[in-house]
Amino acid sequence: MIQFSEEAMRRYETILSHYPAKRAALLPVLTLAQREFGWISQEVADYLSELMGYPPSDILSVATFYTMLHKKPVGKYHMEICRNVSCWLMGTYPCVDEIKRQLKIDVGEITADGKFSWNLTECLGSCGTAPAMQVGDRYYENLTPTRIVEIIEKLANE
Amino acid sequence: MNKILLVNIEKPDQTTIAKYRERGGYKALEKALAMEPAAIIDEVKTSGLRGRGGAGFPTGMKWGFVPRNTGKPTYLLCNADESEPGTFKDRILMERDPHLLIEGMAIACFALGCHLSYIYLRGEYEFIAHTLQRALDEAYEAGILGPSVMGKDFALDLYLHLGQGAYICGEETSLIESLEGYRGYPRIKPPFPATHGFLASPTVVNNVETLCALPWIITNGAAAHAAIGTEKSKGTKLFSVSGHVNKPGVYEVDMGYPLLDFINNEAGGIPNGRMLKAVIPGGSSVPVLTAAECDGVLLDYESLLKAGSMLGSGGMIVLDDSTKMPEVLSVIADFYAHESCGQCTPCREGTGWAAKILRNLIAGKGKRTDIDLLLKIADMMEGKTICPLADADVMPIRSFVTKFRSEFEALSAN
Amino acid sequence: MPKFTINGIEVEAKEGQTIIQAAMAAGFDIPHYCYHPDLPIDGNCRMCLVEVEKMPKLPPSCTTVVTEGMVVRTNTDRVRQSVQGVLEFLLINHPVDCPVCDQAGECRLQDYYMVYGLHTSEIPLEMKVRKRKVIDLGPMVVLDQERCVLCSRCIRFFDNVTHTGEMQFFGRGDHVAIGTFEDRPLDNPYSGNVVDICPVGALTSRDFRFKCRVWFLHSTDSVCGGCSTGCNMRIDHRDGTIFRLLPRRNVEVNRSWLCDEGRLTYHELAAGDRISRPMMRGRDGMQAPVTWKEALASVNSRLKEIGAASGGNSIIGFASPSATNEALYLFKRYLNEQVGASQFEFRLDCEDRKATEKEDDILRHVDKHPNSMGAINLGLASQELGGINGAIEAARAGRIKAGVIVYYKPLVRRPGDAEAEARVAELIGSLEYSVVLAAHKAEWQREASALLPVTAWSEESGTYTNYQGRVQLAGKAVEPGGDILPLWEVLASLLYEGGDSVLWLSPDDVFRSMAENIPAYRGIALEQTRMLGALPTA
């Protein structure tokens with residue numbers, strides 16, 4: 001049986017205090033849960049269901065609407081590479097090819113050490129610094145295959 | 001050229017409250033707090049400010065729809081779910097001048113009688129959330145937010161709320177649904193958010209750029225704002241330009257600035273000696289303009305509409321003559337198929353079908369009839385859905401296919 | 001009351017009614033999937049778009065409220081094209097597996113395709129979005145995600161009627177699918193309703209699936225025999241066999257819903273052996289078959305004898321709250337007027353109180369008999385006896401010597417049923433002479449002096465009075481086999497045998513007599529008991 005750590009529980013209470021209705025806290029709580037447990041498994045949905053008092057189907061239904069909430073495990077560094085117009089024009093796919101070459105994983109897969117996974121994503125709002133990718137709370141912009149090699153190397157040693 | 005929004009954007013440490021105040025920050029709020037709320041709304045009406053999120057609805061009028069004394073709280077929600085492809089203008093305001101947004105929101109809240117307000121920030125912008133949160137903490141500490149805004153008998157709580165990856169949540173009713181903790185399904189209107197928004201209470205949803213314009217309007221007066229721009233498009237506008245230009249980035253220009261001048265001057269022209277082929281002037285949802293159509297077009301709501309496109313969010317994508325238009329459209333169509341919430345039939349099925357047809361065409365597996373089928377799907381989707389997402393797919397499909405039909409035919413002939 | 005015109009015809013709408021509601025009330029058909037009169041409006045299917053003057057776009061008729069002077073058109077090319085477009089969209093990813101789909105024949109996709117579609121599919125098979133099929137969702141429902149039109153009726157049902165929220169949307173865009181968490185079974189007593197409200201073959205009945213193509217079925221309007229709520233239902237049957245029970249909409253009683261137990265009552269009805277011919281206990285103490293003629297003559301003369309010898313107080317009429325008003329009326333008339341009996345009772349376990357006691361907040365009542373209120377109205381509860389225990393006591397004490405007992409097993413079972421049957425057996429055992437009228441063979445009948453096989457629920461026409469006092473007609477759907485007679489007819493025959501002044505030829509005749517003589521039913525016309533049922537005029 002999973003449950004929030006003490007610190008996460010404090011964070012949970014803080015989140016609740018920001019909203020006049022408990023339900024409004026669901027998305028931030030799902031975000032918190034993903035940070036705690038890595039992804040929104042059915043077990044997590046069940047836990048949140050108990051914690052917040054909504055049916056687990058309801059929780060999972062909300063989670064499946066939002067692409068940043070993972071419905072299966074991802075690597076420690078989950079690279080979301082923008083595939084939209086400006087990034088695509090400026091070279092998304094050469095970067096994707098480099099990622100595949102470096103990590104030897106396809107979309108949706110995780111490296112054996114659990115460190116990396118990648119996915120294509122929609123516009124990140126980095127069109128002026130394209131192509132770009134998001135890794136957690138970091139943006140990497142003006143990407144080139146060479147930059148990809150550097151970034152992966154740096155992250156691998158973090 | 002006037003600077004309303006990006007005045008301090010390049011200045012060092014502008015994100016700190018100390019530097020923000022040193023450069024005149026929170027003076028506008030102070031001034032607003034001494035005004036009657038109704039007078040602020042009038043000021044915003046007179047300023048001619050229109051919503052900068054994409055729809056261009058007059059901001060003062062939107063505020064005017066909010067009923068008073070309903071016994072329910074009024075909410076102001078800042079739409080910071082910037083996700084329209086080609087758009088990255090709000091980001092720079094929040095990254096570099098977060099207090100400007102907080103000040104704008106505080107002014108709006110005071111005018112609207114709102115005591116609880118949220119910034120709905122797209123989840124991908126988590127790195128900006130850190131900056132914004134620091135600014136919010138500073139503002140609370142300085143007594144700008146909290147039980148008594150700048151010593152006045154007016155309480156305001158302002159929280160940051162992060163989305164989790166859904167373009168549709170930029171649509172205001174979807175944003176409200178999402179903020180309430182549900183799938184971001186757009187709501188049927190009426191009722192409108194002005195009367196039944198967040199938690200069924202009166203709600204105003206304003207874009208970041210719109211809110212950031214408020215301090216300048218309060219400081220310099222509505223007339224000064226109305227003096228900038230064209231007859232119907234007032235003030236300045238941020239354009240985020242990307243694609244085939246030498247200097248992609250965010251630029252503030254007066255409304256009515258010539259489109260081609262913008263591309264050639266601000267954006268530094270087309271690189272590698274190539275020629276302009278087409279421009280998507282206001283984010284991927286607006287109709288594409290051919291190079292010829294850009295001639296004489298001004299960057300304001302009316303001129304772009306007259307040219308057959310829209311100002312939208314000001315997310316401009318420039319395409320040079322090497323661009324394969326069917327491929328661009330395919331990328332765009334994939335986007336709408338991916339982002340369709342799936343609630344209503346024409347959008348759910350139409351966006352996916354159009355995207356598949358385009359992928360097929362590009363893979364060389366298309367039929368000649370596919371081109372007319374795409375146009376038929378556009379007709380079947382247009383104007384039949386709860387929210388404008390389907391129409392946002394229709395506009396690029398129809399404009400790309402009709403304006404660059406030969407490129408599509410060449411693909412299907414193979 | 002705003003007036004508006006629809007296709008050139010002026011119609012009056014109720015205040016606040018939407019176009020689709022007002023149009024349907026006026027007999028106009030507007031195609032739709034997501035709109036349902038008993039669920040919150042959602043507006044997602046976009047099938048019901050209509051033309052309204054002065055509105056640039058086609059507004060959905062399910063969300064647009066009628067206003068005075070509104071001019072609506074549903075028959076223009078523009079509307080037709082819109083409907084065709086939505087229908088084509090709904091079909092692009094549909095598997096079109098009608099030959100193996102149980103919804104065929106009552107599918108809104110098929111129906112509207114015949115009216116609006118008739119187009120050729122422009123999507124190649126390999127381009128269709130594939131989803132999951134044949135997902136078992138508990139005892140009542142099977143889910144096929146590919147056939148779903150995502151109208152959200154099922155989701156809204158569980159969110160707003162049962163408040164259990166089991167069913168939800170998962171995913172986004174054209175990959176959205178409905179389902180339950182981890183495919184968990186639907187765990188609420190109303191789950192079968194989503195099969196009815198599903199306009200397509202996405203949710204089919206696990207009970208009815210593949211039993212019969214719907215176009216072979218005949219339908220008879222009825223009222224549920226499962227409890228005192230009296231939910232309006234439709235019996236679908238073929239060749240004397242019931243295949244399924246479906247709700248009939250009655251806003252005053254059950255809206256559009258049935259509970260799962262009520263929906264499955266026909267299985268209880270079919271379970272167990274029926275008594276197939278009249279039996280009488282001979283000198284050897286064994287029950288042996290006799291003809292109806294012999295049985296009725298014997299019963300009539302024995303009862304009259306006992307009545308004459310020991311007085312009316314020595315004979316009890318113990319009725320069943322599952323019998324129709326008509327049967328109960330003749331039951332009392334016969335025993336009272338012909339035999340002279342003055343003791344009547346029907347209560348096995350405080351049915352008079354339980355008939356109005358709710359079992360949940362949706363439909364069900366605690367009393368599992370359809371006509372306890374009718375039995376009360378017809379004066380079949382005795383203050384003196386206070387229920388079956390009082391009757392047993394009186395019989396044991398020798399105050400009651402003979403009885404006519406009608407007893408049907410409840411179609412919705414509860415743990416107390418065995419106890420109730422034991423009581424009935426005890427009553428029979430305490431009597432010198434007992435006439436039992438029943439449908440199913442059972443141990444408790446062993447000591448009956450005469451055992452007469454009668455029809456059960458769905459096999460005879462008659463009215464039931466629900467917990468509200470609403471009198472509702474249940475039609476005869478199927479013929480019982482064997483030498484079984486309707487209860488009212490057996491009693492009519494006994495009345496004839498006894499020399500009644502009236503010749504009772506049909507339940508309708510009986511009803512008319514009731515409406516004249518029984519205060520609770522005074523002035524009700526038989527016609528009123530169809531459709532929405534009739535409440536007594538106060």
# chains A, B, ... in the order shown; residues from 1 in each chain; ligands from 1
$ residues_around --residues "region 118-132 of chain C" --least-positions-apart "4" --cutoff "10 Å" --atoms "only C-alpha atoms" --output "PDB file with C-alpha atoms, in the first residue's frame"
ATOM      1  CA  GLU B 349     -13.532  12.412 -35.275  1.00  0.00           C
ATOM      2  CA  GLY B 352      -8.165  12.650 -36.282  1.00  0.00           C
ATOM      3  CA  TRP B 353      -9.422  11.740 -39.721  1.00  0.00           C
ATOM      4  CA  LYS B 356      -4.559  10.557 -40.974  1.00  0.00           C
ATOM      5  CA  ILE B 357      -5.408  11.563 -44.523  1.00  0.00           C
ATOM      6  CA  ASN B 360      -1.163   9.123 -45.824  1.00  0.00           C
ATOM      7  CA  THR B 369      -9.983  12.462 -53.927  1.00  0.00           C
ATOM      8  CA  ASP B 370      -8.320  12.966 -50.544  1.00  0.00           C
ATOM      9  CA  LEU B 373     -12.233  14.941 -48.781  1.00  0.00           C
TER      10      LEU B 373
ATOM     11  CA  GLN C  84     -25.249  13.646 -42.193  1.00  0.00           C
ATOM     12  CA  LEU C  87     -23.350  10.632 -38.579  1.00  0.00           C
ATOM     13  CA  GLU C  88     -20.511  10.085 -41.012  1.00  0.00           C
ATOM     14  CA  LEU C  91     -19.247   5.902 -38.313  1.00  0.00           C
ATOM     15  CA  ILE C  92     -15.669   6.421 -39.478  1.00  0.00           C
ATOM     16  CA  ASN C  93     -14.193   4.660 -36.486  1.00  0.00           C
ATOM     17  CA  HIS C  94     -17.144   2.400 -35.839  1.00  0.00           C
ATOM     18  CA  PRO C  95     -16.428  -1.287 -36.517  1.00  0.00           C
ATOM     19  CA  GLN C 110     -28.521   2.013 -37.916  1.00  0.00           C
ATOM     20  CA  TYR C 112     -30.261   7.325 -38.547  1.00  0.00           C
ATOM     21  CA  TYR C 113     -28.079   5.810 -41.236  1.00  0.00           C
ATOM     22  CA  MET C 114     -31.224   4.664 -42.984  1.00  0.00           C
ATOM     23  CA  LEU C 143     -18.785  -3.158 -22.965  1.00  0.00           C
ATOM     24  CA  ASP C 144     -17.546  -2.774 -26.533  1.00  0.00           C
ATOM     25  CA  GLN C 145     -15.478   0.405 -26.750  1.00  0.00           C
ATOM     26  CA  GLU C 146     -15.292   0.430 -30.540  1.00  0.00           C
ATOM     27  CA  ARG C 147     -19.027   0.740 -30.959  1.00  0.00           C
ATOM     28  CA  CYS C 148     -19.312   3.618 -28.509  1.00  0.00           C
ATOM     29  CA  ASP C 174     -10.382  10.108 -30.968  1.00  0.00           C
ATOM     30  CA  HIS C 175      -8.768   7.706 -28.510  1.00  0.00           C
ATOM     31  CA  VAL C 176     -11.253   8.560 -25.789  1.00  0.00           C
ATOM     32  CA  ALA C 177     -12.949   5.426 -24.512  1.00  0.00           C
ATOM     33  CA  GLY C 179     -14.791   2.203 -19.101  1.00  0.00           C
TER      34      GLY C 179
END
$ interface_residues --of "chain B" --to "chain A" --cutoff "8 Å" --atoms "only C-alpha atoms" --output "PyMOL selection string"
chain B and resi 82-88+91+123-127+159+161-166+178-184+199+240-243+248-250+317+328+331-332+335+341
$ write_last_selection --atoms "C-alpha atoms" --output "mmCIF file, in the first residue's frame"
data_model
loop_
_atom_site.group_PDB
_atom_site.id
_atom_site.type_symbol
_atom_site.label_atom_id
_atom_site.label_comp_id
_atom_site.auth_asym_id
_atom_site.auth_seq_id
_atom_site.Cartn_x
_atom_site.Cartn_y
_atom_site.Cartn_z
ATOM 1 C CA GLU B 82 0.165 29.661 -23.579
ATOM 2 C CA SER B 83 0.084 26.704 -25.962
ATOM 3 C CA GLU B 84 -0.886 27.982 -29.384
ATOM 4 C CA PRO B 85 1.861 26.780 -31.742
ATOM 5 C CA GLY B 86 4.094 29.683 -32.650
ATOM 6 C CA THR B 87 3.255 31.614 -29.492
ATOM 7 C CA PHE B 88 5.821 32.358 -26.791
ATOM 8 C CA ARG B 91 6.379 33.363 -21.376
ATOM 9 C CA GLY B 123 2.545 22.679 -16.746
ATOM 10 C CA GLU B 124 5.394 22.655 -19.234
ATOM 11 C CA TYR B 125 6.323 26.123 -17.947
ATOM 12 C CA GLU B 126 7.295 24.712 -14.574
ATOM 13 C CA PHE B 127 10.644 26.465 -14.866
ATOM 14 C CA TYR B 159 -2.086 31.489 -6.305
ATOM 15 C CA HIS B 161 -2.011 26.693 -10.569
ATOM 16 C CA LEU B 162 -0.187 24.458 -12.998
ATOM 17 C CA GLY B 163 -1.865 22.689 -15.887
ATOM 18 C CA GLN B 164 -0.608 19.260 -16.873
ATOM 19 C CA GLY B 165 -0.482 19.235 -20.634
ATOM 20 C CA ALA B 166 -3.639 20.041 -22.552
ATOM 21 C CA SER B 178 -9.547 22.086 -15.442
ATOM 22 C CA LEU B 179 -9.057 24.464 -12.528
ATOM 23 C CA GLU B 180 -12.059 22.859 -10.861
ATOM 24 C CA GLY B 181 -10.260 19.511 -11.075
ATOM 25 C CA TYR B 182 -11.949 17.913 -14.058
ATOM 26 C CA ARG B 183 -11.030 16.869 -17.562
ATOM 27 C CA GLY B 184 -10.639 20.068 -19.517
ATOM 28 C CA LEU B 199 -17.346 27.193 -9.053
ATOM 29 C CA SER B 240 6.463 36.098 -31.232
ATOM 30 C CA VAL B 241 8.053 35.301 -34.525
ATOM 31 C CA SER B 242 9.676 32.018 -35.449
ATOM 32 C CA GLY B 243 10.402 29.788 -38.388
ATOM 33 C CA PRO B 248 13.236 34.926 -34.103
ATOM 34 C CA GLY B 249 11.924 36.299 -30.837
ATOM 35 C CA VAL B 250 9.293 38.433 -29.166
ATOM 36 C CA ILE B 317 5.428 31.534 -38.182
ATOM 37 C CA VAL B 328 3.495 21.816 -42.459
ATOM 38 C CA VAL B 331 2.235 18.754 -38.497
ATOM 39 C CA ILE B 332 -0.536 21.211 -37.664
ATOM 40 C CA PHE B 335 -1.440 18.805 -33.340
ATOM 41 C CA CYS B 341 -10.448 16.945 -26.054
#
$ atom_distance --atom1 "CA of Gln21 (chain C)" --atom2 "CA of Leu217 (chain C)"
29.3 Å
$ select_by_dssp --residues "region 318-373 of chain C" --states "helix (DSSP H, G or I)" --output "list in words"
Asn325, Glu326, Ala327, Leu328, Tyr329, Leu330, Phe331, Lys332, Arg333, Tyr334, Leu335, Asn336, Glu337, Gln338, Val339, Glu351, Asp352, Arg353, Lys354, Ser372 and Met373 of chain C
$ interface_residues --of "chain C" --to "chain A" --cutoff "10 Å" --atoms "only C-alpha atoms" --output "number ranges by chain"
C: 159, 163-173, 176-184
$ closest_atom_pairs --of "chain B" --to "chain C" --cutoff "9 Å" --atoms "only C-alpha atoms" --output "Markdown table"
| residue | atom | partner | partner_atom | distance |
| --- | --- | --- | --- | --- |
| B:Arg187 | CA | C:Asp42 | CA | 8.9 |
| B:Ile188 | CA | C:Gly43 | CA | 7.4 |
| B:Lys189 | CA | C:Thr63 | CA | 8.9 |
| B:Pro190 | CA | C:Thr63 | CA | 8.9 |
| B:Tyr336 | CA | C:Gly173 | CA | 8.9 |
| B:Ala337 | CA | C:Gly173 | CA | 6.4 |
| B:His338 | CA | C:Gly173 | CA | 6.3 |
| B:Glu339 | CA | C:Gly173 | CA | 6.6 |
| B:Ser340 | CA | C:Gly173 | CA | 4.7 |
| B:Cys341 | CA | C:Gly173 | CA | 4.9 |
| B:Gly342 | CA | C:Gly173 | CA | 3.9 |
| B:Gln343 | CA | C:Asn44 | CA | 5.9 |
| B:Cys344 | CA | C:Asn44 | CA | 4.3 |
| B:Thr345 | CA | C:Cys45 | CA | 5.4 |
| B:Pro346 | CA | C:Val86 | CA | 6.0 |
| B:Cys347 | CA | C:Gly173 | CA | 8.2 |
| B:Arg348 | CA | C:Asp174 | CA | 5.1 |
| B:Glu349 | CA | C:Phe89 | CA | 5.6 |
| B:Gly350 | CA | C:Phe89 | CA | 6.7 |
| B:Thr351 | CA | C:Asp174 | CA | 8.3 |
| B:Gly352 | CA | C:Asp174 | CA | 6.3 |
| B:Trp353 | CA | C:Ile92 | CA | 8.2 |
| B:Lys356 | CA | C:Met127 | CA | 7.2 |
| B:Ile357 | CA | C:Met127 | CA | 8.8 |
| B:Leu373 | CA | C:Glu122 | CA | 8.4 |
| B:Ile377 | CA | C:Gly85 | CA | 8.3 |
| B:Asp379 | CA | C:Gly85 | CA | 8.7 |
| B:Met380 | CA | C:Gly85 | CA | 5.3 |
| B:Met381 | CA | C:Gly85 | CA | 8.0 |
| B:Gly383 | CA | C:Lys57 | CA | 6.2 |
| B:Lys384 | CA | C:Arg46 | CA | 6.8 |
| B:Thr385 | CA | C:Arg46 | CA | 7.0 |
| B:Ile386 | CA | C:Asn44 | CA | 7.5 |
$ residues_around --residues "Glu95 (chain B)" --least-positions-apart "5" --cutoff "8 Å" --atoms "only C-alpha atoms" --output "NGL selection string"
:B and (15 or 128 or 131-132)
$ write_last_selection --atoms "N, CA and C atoms" --output "mmCIF file, in the first residue's frame"
data_model
loop_
_atom_site.group_PDB
_atom_site.id
_atom_site.type_symbol
_atom_site.label_atom_id
_atom_site.label_comp_id
_atom_site.auth_asym_id
_atom_site.auth_seq_id
_atom_site.Cartn_x
_atom_site.Cartn_y
_atom_site.Cartn_z
ATOM 1 N N THR B 15 13.275 40.685 -12.190
ATOM 2 C CA THR B 15 12.343 39.758 -11.540
ATOM 3 C C THR B 15 12.225 40.025 -10.037
ATOM 4 N N ILE B 128 9.155 28.383 -15.223
ATOM 5 C CA ILE B 128 8.709 29.754 -14.971
ATOM 6 C C ILE B 128 7.969 29.823 -13.636
ATOM 7 N N THR B 131 10.097 31.138 -10.913
ATOM 8 C CA THR B 131 10.252 32.599 -10.945
ATOM 9 C C THR B 131 8.992 33.280 -10.422
ATOM 10 N N LEU B 132 7.846 32.811 -10.928
ATOM 11 C CA LEU B 132 6.581 33.422 -10.524
ATOM 12 C C LEU B 132 6.332 33.247 -9.026
#
$ residues_around --residues "Leu411 (chain B)" --least-positions-apart "4" --cutoff "10 Å" --atoms "only C-alpha atoms" --output "PyMOL selection string"
chain B and resi 326+360-368+406-407
$ write_last_selection --atoms "N, CA and C atoms" --output "PDB file, in the first residue's frame"
ATOM      1  N   PRO B 326       2.261  20.848 -47.622  1.00  0.00           N
ATOM      2  CA  PRO B 326       1.491  19.712 -47.084  1.00  0.00           C
ATOM      3  C   PRO B 326       2.108  19.154 -45.807  1.00  0.00           C
ATOM      4  N   ASN B 360      -1.107  10.043 -44.694  1.00  0.00           N
ATOM      5  CA  ASN B 360      -1.163   9.123 -45.824  1.00  0.00           C
ATOM      6  C   ASN B 360      -0.662   9.776 -47.101  1.00  0.00           C
ATOM      7  N   LEU B 361      -1.128  11.005 -47.329  1.00  0.00           N
ATOM      8  CA  LEU B 361      -0.733  11.749 -48.525  1.00  0.00           C
ATOM      9  C   LEU B 361       0.780  11.926 -48.563  1.00  0.00           C
ATOM     10  N   ILE B 362       1.339  12.327 -47.428  1.00  0.00           N
ATOM     11  CA  ILE B 362       2.772  12.593 -47.368  1.00  0.00           C
ATOM     12  C   ILE B 362       3.573  11.303 -47.535  1.00  0.00           C
ATOM     13  N   ALA B 363       3.000  10.216 -47.049  1.00  0.00           N
ATOM     14  CA  ALA B 363       3.666   8.922 -47.208  1.00  0.00           C
ATOM     15  C   ALA B 363       3.506   8.390 -48.630  1.00  0.00           C
ATOM     16  N   GLY B 364       2.861   9.179 -49.498  1.00  0.00           N
ATOM     17  CA  GLY B 364       2.704   8.745 -50.874  1.00  0.00           C
ATOM     18  C   GLY B 364       1.599   7.725 -51.069  1.00  0.00           C
ATOM     19  N   LYS B 365       0.726   7.587 -50.064  1.00  0.00           N
ATOM     20  CA  LYS B 365      -0.339   6.595 -50.162  1.00  0.00           C
ATOM     21  C   LYS B 365      -1.714   7.240 -50.375  1.00  0.00           C
ATOM     22  N   GLY B 366      -1.682   8.531 -50.677  1.00  0.00           N
ATOM     23  CA  GLY B 366      -2.953   9.243 -50.787  1.00  0.00           C
ATOM     24  C   GLY B 366      -3.621   9.073 -52.140  1.00  0.00           C
ATOM     25  N   LYS B 367      -4.889   9.410 -52.145  1.00  0.00           N
ATOM     26  CA  LYS B 367      -5.657   9.386 -53.393  1.00  0.00           C
ATOM     27  C   LYS B 367      -5.946  10.832 -53.793  1.00  0.00           C
ATOM     28  N   ARG B 368      -6.233  11.030 -55.059  1.00  0.00           N
ATOM     29  CA  ARG B 368      -6.535  12.375 -55.537  1.00  0.00           C
ATOM     30  C   ARG B 368      -7.790  12.920 -54.826  1.00  0.00           C
ATOM     31  N   SER B 406      -1.812  22.775 -55.611  1.00  0.00           N
ATOM     32  CA  SER B 406      -0.960  22.025 -56.544  1.00  0.00           C
ATOM     33  C   SER B 406       0.053  21.151 -55.799  1.00  0.00           C
ATOM     34  N   GLU B 407       0.521  21.625 -54.650  1.00  0.00           N
ATOM     35  CA  GLU B 407       1.475  20.816 -53.878  1.00  0.00           C
ATOM     36  C   GLU B 407       0.819  19.538 -53.344  1.00  0.00           C
TER      37      GLU B 407
END
$ residues_around --residues "Leu311 (chain B)" --least-positions-apart "6" --cutoff "7 Å" --atoms "only C-alpha atoms" --output "number ranges by chain"
B: 281-282, 300-301, 304
$ residues_around --residues "Gly75 (chain A)" --least-positions-apart "5" --cutoff "6 Å" --atoms "only C-alpha atoms" --output "number ranges by chain"
A: 110, 114-117
$ residues_around --residues "region 136-144 of chain B" --least-positions-apart "3" --cutoff "12 Å" --atoms "only C-alpha atoms" --output "PyMOL selection string"
chain B and resi 15-21+25-27+29-30+33+94+97-107+110+118-119+129-133+147-160
$ write_last_selection --atoms "C-alpha atoms" --output "short mmCIF file (atom, residue, chain, number, x, y, z; two decimals), in the first residue's frame"
data_model
loop_
_atom_site.label_atom_id
_atom_site.label_comp_id
_atom_site.auth_asym_id
_atom_site.auth_seq_id
_atom_site.Cartn_x
_atom_site.Cartn_y
_atom_site.Cartn_z
CA THR B 15 12.34 39.76 -11.54
CA THR B 16 13.07 41.03 -8.02
CA ILE B 17 10.55 43.25 -6.29
CA ALA B 18 13.28 45.67 -5.30
CA LYS B 19 14.33 46.38 -8.89
CA TYR B 20 10.74 46.28 -10.08
CA ARG B 21 9.79 48.99 -7.59
CA GLY B 25 6.67 49.15 -10.23
CA TYR B 26 3.48 48.96 -8.15
CA LYS B 27 2.89 52.70 -8.55
CA LEU B 29 -1.55 49.64 -8.32
CA GLU B 30 -1.20 52.32 -5.71
CA LEU B 33 -6.34 51.54 -5.22
CA MET B 94 6.44 35.96 -16.80
CA ASP B 97 8.97 40.67 -15.45
CA PRO B 98 6.73 38.58 -13.16
CA HIS B 99 5.79 41.52 -10.94
CA LEU B 100 4.28 43.27 -13.94
CA LEU B 101 1.75 40.45 -14.18
CA ILE B 102 1.12 40.46 -10.44
CA GLU B 103 0.55 44.22 -10.51
CA GLY B 104 -1.79 43.91 -13.50
CA MET B 105 -3.73 41.16 -11.78
CA ALA B 106 -3.99 43.11 -8.55
CA ILE B 107 -5.41 46.10 -10.46
CA PHE B 110 -9.49 45.48 -7.28
CA TYR B 118 -5.26 32.16 -9.88
CA ILE B 119 -2.61 32.10 -12.54
CA ALA B 129 6.64 28.67 -12.00
CA HIS B 130 9.76 28.98 -9.85
CA THR B 131 10.25 32.60 -10.94
CA LEU B 132 6.58 33.42 -10.52
CA GLN B 133 6.38 31.79 -7.12
CA PRO B 147 -5.17 40.59 3.80
CA SER B 148 -4.54 44.24 3.03
CA VAL B 149 -3.26 45.16 -0.40
CA MET B 150 -0.78 48.03 0.00
CA GLY B 151 -2.39 49.00 3.30
CA LYS B 152 -5.83 49.34 1.76
CA ASP B 153 -8.86 47.56 3.16
CA PHE B 154 -8.80 45.08 0.32
CA ALA B 155 -7.72 41.45 0.65
CA LEU B 156 -6.29 39.52 -2.24
CA ASP B 157 -4.91 36.01 -2.45
CA LEU B 158 -3.16 35.04 -5.63
CA TYR B 159 -2.09 31.49 -6.31
CA LEU B 160 -0.26 29.70 -9.04
#
$ select_by_dssp --residues "region 29-90 of chain A" --states "strand (DSSP E or B)" --output "PyMOL selection string"
chain A and resi 77-82
$ decode --residues "region 149-157 of chain B" --atoms "N, CA and C atoms" --output "compact mmCIF listing (two decimals), in the first residue's frame"
# COMPACT_ATOMS: atom_id res chain seq x y z
N VAL B 149 -4.11 44.84 0.75
CA VAL B 149 -3.26 45.16 -0.40
C VAL B 149 -2.75 46.60 -0.29
N MET B 150 -1.46 46.72 -0.14
CA MET B 150 -0.78 48.03 0.00
C MET B 150 -1.44 48.90 1.06
N GLY B 151 -1.83 48.25 2.18
CA GLY B 151 -2.39 49.00 3.30
C GLY B 151 -3.87 49.33 3.14
N LYS B 152 -4.41 49.03 2.00
CA LYS B 152 -5.83 49.34 1.76
C LYS B 152 -6.70 48.22 2.32
N ASP B 153 -7.92 48.55 2.63
CA ASP B 153 -8.86 47.56 3.16
C ASP B 153 -9.36 46.67 2.01
N PHE B 154 -8.46 45.95 1.45
CA PHE B 154 -8.80 45.08 0.32
C PHE B 154 -7.89 43.86 0.37
N ALA B 155 -8.50 42.68 0.54
CA ALA B 155 -7.72 41.45 0.65
C ALA B 155 -7.61 40.78 -0.72
N LEU B 156 -6.46 40.25 -0.98
CA LEU B 156 -6.29 39.52 -2.24
C LEU B 156 -5.32 38.36 -2.08
N ASP B 157 -5.79 37.17 -2.39
CA ASP B 157 -4.91 36.01 -2.45
C ASP B 157 -4.73 35.62 -3.90
